[in-house]
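S.K.: My structure is in protein09.txt, and what it holds is compact mmCIF, C-alpha atoms:
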```txt
# COMPACT_ATOMS: atom_id res chain seq x y z
CA MET P 1 0.60 -17.11 3.07
CA ALA P 2 4.06 -15.68 2.53
CA GLU P 3 5.93 -15.64 -0.73
CA ALA P 4 9.32 -14.38 -1.73
CA LEU P 5 11.07 -13.33 -4.88
CA GLY P 6 14.74 -12.84 -4.29
CA GLY P 7 18.21 -14.12 -5.08
CA SER P 8 18.28 -15.97 -8.39
CA ARG P 9 14.49 -15.57 -8.76
CA ALA P 10 14.61 -11.77 -8.71
CA LEU P 11 13.73 -9.90 -11.87
CA VAL P 12 16.40 -7.35 -10.92
CA PRO P 13 19.56 -8.25 -8.97
CA GLY P 14 19.55 -6.69 -5.50
CA LEU P 15 15.76 -6.55 -5.42
CA ARG P 16 13.55 -8.63 -3.15
CA VAL P 17 9.78 -8.76 -3.32
CA GLY P 18 7.64 -10.29 -0.63
CA HIS P 19 3.92 -10.71 -0.06
CA PHE P 20 1.77 -11.58 2.93
CA THR P 21 -1.90 -12.48 2.47
CA ASP P 22 -4.66 -12.88 5.03
CA LEU P 23 -7.04 -15.10 3.05
CA GLU P 24 -9.86 -14.85 5.60
CA ALA P 25 -9.89 -11.04 5.70
CA LEU P 26 -8.94 -10.76 2.00
CA THR P 27 -6.13 -8.30 2.61
CA GLY P 28 -2.37 -8.30 2.45
CA SER P 29 0.88 -6.43 2.03
CA THR P 30 3.55 -6.42 -0.67
CA VAL P 31 7.05 -5.12 -0.04
CA VAL P 32 9.70 -4.26 -2.62
CA LEU P 33 13.04 -4.18 -0.81
CA VAL P 34 16.17 -2.56 -2.25
CA GLU P 35 18.49 -2.34 0.76
CA GLU P 36 21.16 -0.36 -1.08
CA GLY P 37 18.55 2.15 -2.21
CA ALA P 38 16.84 3.16 -5.44
CA VAL P 39 15.48 6.41 -6.80
CA GLY P 40 11.73 6.62 -6.26
CA ALA P 41 8.90 8.81 -7.48
CA VAL P 42 5.17 8.93 -6.85
CA ASP P 43 1.98 10.34 -8.30
CA VAL P 44 -0.75 10.27 -5.64
CA ARG P 45 -4.32 10.47 -6.93
CA GLY P 46 -7.81 9.75 -5.74
CA ALA P 47 -10.39 11.20 -3.41
CA ALA P 48 -8.95 9.70 -0.22
CA PRO P 49 -5.32 8.60 -0.67
CA GLY P 50 -3.64 6.81 2.19
CA THR P 51 0.13 7.18 2.09
CA ARG P 52 3.24 7.38 4.24
CA GLU P 53 6.50 9.17 3.36
CA THR P 54 5.48 9.80 -0.25
CA ASP P 55 6.20 13.54 0.10
CA LEU P 56 9.86 12.64 0.57
CA LEU P 57 9.95 11.54 -3.06
CA SER P 58 9.49 15.04 -4.47
CA PRO P 59 12.63 16.07 -6.39
CA GLU P 60 13.15 19.22 -4.29
CA ASN P 61 13.51 17.22 -1.05
CA THR P 62 16.73 15.96 0.56
CA VAL P 63 16.06 12.22 0.30
CA GLU P 64 17.45 10.75 -2.92
CA LYS P 65 16.83 7.02 -2.43
CA VAL P 66 14.30 4.67 -0.87
CA GLN P 67 15.17 1.31 0.67
CA ALA P 68 11.72 -0.21 0.23
CA ILE P 69 8.22 0.40 -1.06
CA LEU P 70 5.14 -1.00 0.67
CA LEU P 71 1.76 -1.54 -1.00
CA THR P 72 -0.81 -2.70 1.52
CA GLY P 73 -4.46 -3.25 2.28
CA GLY P 74 -6.17 -2.54 5.57
CA SER P 75 -6.99 1.12 5.01
CA ALA P 76 -5.21 3.51 7.39
CA PHE P 77 -4.52 0.58 9.73
CA GLY P 78 -2.48 -1.16 7.04
CA LEU P 79 0.14 1.58 7.00
CA ARG P 80 1.41 0.09 10.29
CA ALA P 81 3.01 -2.67 8.23
CA ALA P 82 5.68 -0.15 7.18
CA ASP P 83 6.89 -0.09 10.81
CA GLY P 84 8.15 -3.65 10.47
CA VAL P 85 9.98 -2.90 7.24
CA VAL P 86 11.60 0.20 8.78
CA ARG P 87 12.69 -1.81 11.83
CA TYR P 88 14.17 -4.56 9.64
CA LEU P 89 16.21 -2.05 7.61
CA ALA P 90 17.30 -0.04 10.68
CA GLU P 91 18.61 -3.21 12.36
CA ARG P 92 20.86 -3.66 9.31
CA GLY P 93 22.02 -0.05 9.16
CA LYS P 94 20.23 0.63 5.86
CA GLY P 95 18.70 4.04 5.27
CA PHE P 96 19.25 7.76 4.99
CA PRO P 97 22.30 8.82 7.06
CA THR P 98 21.63 11.32 9.85
CA PRO P 99 23.69 12.39 12.89
CA GLY P 100 21.38 10.23 15.01
CA GLY P 101 21.79 7.11 12.85
CA VAL P 102 20.29 5.84 9.64
CA VAL P 103 16.62 6.40 8.93
CA PRO P 104 15.15 3.83 6.50
CA ILE P 105 12.96 5.44 3.83
CA VAL P 106 9.90 3.28 3.18
CA PRO P 107 7.15 5.06 1.25
CA ALA P 108 3.84 3.23 1.55
CA ALA P 109 0.43 3.36 -0.07
CA VAL P 110 -2.73 1.73 1.20
CA LEU P 111 -6.05 0.80 -0.29
CA TYR P 112 -9.40 0.38 1.41
CA ASP P 113 -10.30 -3.30 1.52
CA LEU P 114 -11.94 -3.60 4.94
CA GLY P 115 -15.04 -5.78 5.14
CA ARG P 116 -14.35 -7.77 1.99
CA GLY P 117 -13.49 -11.09 3.59
CA LYS P 118 -15.19 -13.54 5.92
CA VAL P 119 -13.78 -11.75 8.97
CA HIS P 120 -13.03 -8.16 9.87
CA ARG P 121 -9.45 -8.26 11.07
CA LEU P 122 -7.09 -5.32 11.27
CA PRO P 123 -3.43 -5.94 10.40
CA SER P 124 -1.93 -7.77 13.37
CA PRO P 125 1.53 -7.65 14.95
CA ARG P 126 2.03 -11.15 13.53
CA ALA P 127 1.44 -9.88 9.98
CA ARG P 128 3.75 -6.93 10.62
CA ALA P 129 6.43 -9.33 11.89
CA LYS P 130 6.11 -11.33 8.70
CA THR P 131 6.51 -8.14 6.70
CA ARG P 132 9.81 -7.28 8.39
CA SER P 133 11.55 -10.57 9.13
CA PRO P 134 13.65 -12.18 6.41
CA SER P 135 13.87 -15.47 8.30
CA LYS P 136 10.11 -15.92 8.50
CA GLY P 137 7.63 -14.13 6.41
CA VAL P 138 7.72 -12.21 3.20
CA TRP P 139 11.29 -13.11 2.22
CA ALA P 140 11.11 -16.73 3.29
CA GLY P 141 8.93 -19.71 2.57
CA ARG P 142 7.98 -21.46 -0.61
CA MET P 143 7.16 -19.72 -3.84
CA ALA P 144 3.51 -19.89 -4.75
CA ARG P 145 2.57 -21.42 -8.07
CA ALA P 146 1.24 -18.06 -9.22
CA ILE P 147 2.60 -14.71 -8.12
CA PRO P 148 -0.17 -12.51 -6.66
CA SER P 149 -1.03 -9.55 -8.84
CA TRP P 150 0.24 -7.05 -6.23
CA ALA P 151 3.59 -8.81 -6.03
CA MET P 152 3.92 -8.81 -9.81
CA MET P 153 2.90 -5.15 -9.97
CA ALA P 154 5.49 -4.31 -7.29
CA SER P 155 8.17 -6.24 -9.18
CA LEU P 156 7.44 -4.39 -12.39
CA LEU P 157 7.31 -1.06 -10.56
CA ALA P 158 10.70 -1.68 -9.01
CA TRP P 159 12.12 -2.84 -12.34
CA ALA P 160 10.96 0.44 -13.91
CA LEU P 161 12.48 2.46 -11.05
CA LEU P 162 15.85 0.75 -11.37
CA ARG P 163 16.19 0.93 -15.16
```
As structure tokens, what does this structure read like?
M.R.:
Amino acid sequence: MAEALGGSRALVPGLRVGHFTDLEALTGSTVVLVEEGAVGAVDVRGAAPGTRETDLLSPENTVEKVQAILLTGGSAFGLRAADGVVRYLAERGKGFPTPGGVVPIVPAAVLYDLGRGKVHRLPSPRARAKTRSPSKGVWAGRMARAIPSWAMMASLLAWALLR
């Protein structure tokens, strides 16, 4: 299942939210994409947090904007979904400028949801491709009748960041 919130459906202009769900494994990924960048912040808590690039969001660091935020299942394996988002943004020249080219900033957080569904399936290259490709996957396809709670949470999070 892939859903998209973008264009005229976006809560905030310039913001796209996408979601991929594996209904058999009961896991998925939600991406908030702001290609032109937005200020981000994070508060990591818990006994075993799984994150990627969240340290970049500390105010004392060089990076001032993020191009996307990824919230995903799949435990540590799910963080691989950020690779597809980074690739998508890099192909479009979106990211933090460096002498070697732009580096997309995509902080990600993961939750442990392995073993909840009918099958045990780690995030696949197919799911990662759906996370990164605007022509097929999270930014394409029909809108679902109800927005998944993670997609709504990501939309509200991005709205708060951009206010």
S.K.: With all atoms listed in the file as the counted atoms, please give the residues lying no more than 6 Å from stretch 69-82 of chain P, apart from itself and same-chain residues fewer than 4 positions off, as a PyMOL selection string.
M.R.: chain P and resi 27-32+106-114+123+128
S.K.: Would you compute an axis-aligned box for stretch 20-25 of chain P, covering every atom listed for it in the file with 3 Å of margin on each side, and report centre and edge lengths in Å to one decimal as AutoDock Vina command-line options?
M.R.:
```
--center_x -4.1 --center_y -13.1 --center_z 4.1 --size_x 17.7 --size_y 10.1 --size_z 9.2
```
S.K.: Counting only C-alpha atoms, figure out which residue out of P:Val39, P:Val12, P:Ala90, P:Leu122 gets nearest to P:Ala25.
M.R.: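 Smallest distance to P:Ala25 is found for P:Leu122.
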S.K.: In Å, how far is it from atom CA of P:Gly117 to atom CA of P:Arg45?
M.R.: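 Between atom CA of P:Gly117 and atom CA of P:Arg45 the gap is 25.7 Å.
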S.K.: So how far away is atom CA of P:Leu23 from atom CA of P:Val86, in Å?
M.R.: 24.8 Å
S.K.: Please compute the atom CA of P:Lys65-atom CA of P:His19 distance, one decimal, in Å.
M.R.: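 Pair atom CA of P:Lys65 / atom CA of P:His19 returns 22.1 Å.
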S.K.: Closest to P:Val85 among P:Pro13, P:Thr98, P:Pro59, P:Val66, using all atoms listed in the file?
M.R.: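 Of P:Pro13, P:Thr98, P:Pro59, P:Val66, the one nearest P:Val85 is P:Val66, counting all atoms listed in the file.
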S.K.: Of the candidates P:Arg92, P:Arg16, P:Gly115, P:Asp83, which one gets nearest to P:Arg52 if we count only C-alpha atoms?
M.R.: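 Among the listed residues, P:Asp83 lies closest to P:Arg52.
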S.K.: Could you list, as a short mmCIF file (atom, residue, chain, number, x, y, z; two decimals) with C-alpha atoms, in the frame of the given file, every residue within 12 Å of P:Asp55, counting only C-alpha atoms and ignoring same-chain residues fewer than 2 positions away?
M.R.:
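In the end it all went to selection_22.cif:
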```
data_model
loop_
_atom_site.label_atom_id
_atom_site.label_comp_id
_atom_site.auth_asym_id
_atom_site.auth_seq_id
_atom_site.Cartn_x
_atom_site.Cartn_y
_atom_site.Cartn_z
CA GLY P 40 11.73 6.62 -6.26
CA ALA P 41 8.90 8.81 -7.48
CA VAL P 42 5.17 8.93 -6.85
CA ASP P 43 1.98 10.34 -8.30
CA VAL P 44 -0.75 10.27 -5.64
CA THR P 51 0.13 7.18 2.09
CA ARG P 52 3.24 7.38 4.24
CA GLU P 53 6.50 9.17 3.36
CA LEU P 57 9.95 11.54 -3.06
CA SER P 58 9.49 15.04 -4.47
CA PRO P 59 12.63 16.07 -6.39
CA GLU P 60 13.15 19.22 -4.29
CA ASN P 61 13.51 17.22 -1.05
CA THR P 62 16.73 15.96 0.56
CA VAL P 63 16.06 12.22 0.30
CA GLU P 64 17.45 10.75 -2.92
CA ILE P 105 12.96 5.44 3.83
CA VAL P 106 9.90 3.28 3.18
CA PRO P 107 7.15 5.06 1.25
CA ALA P 108 3.84 3.23 1.55
CA ALA P 109 0.43 3.36 -0.07
#
```
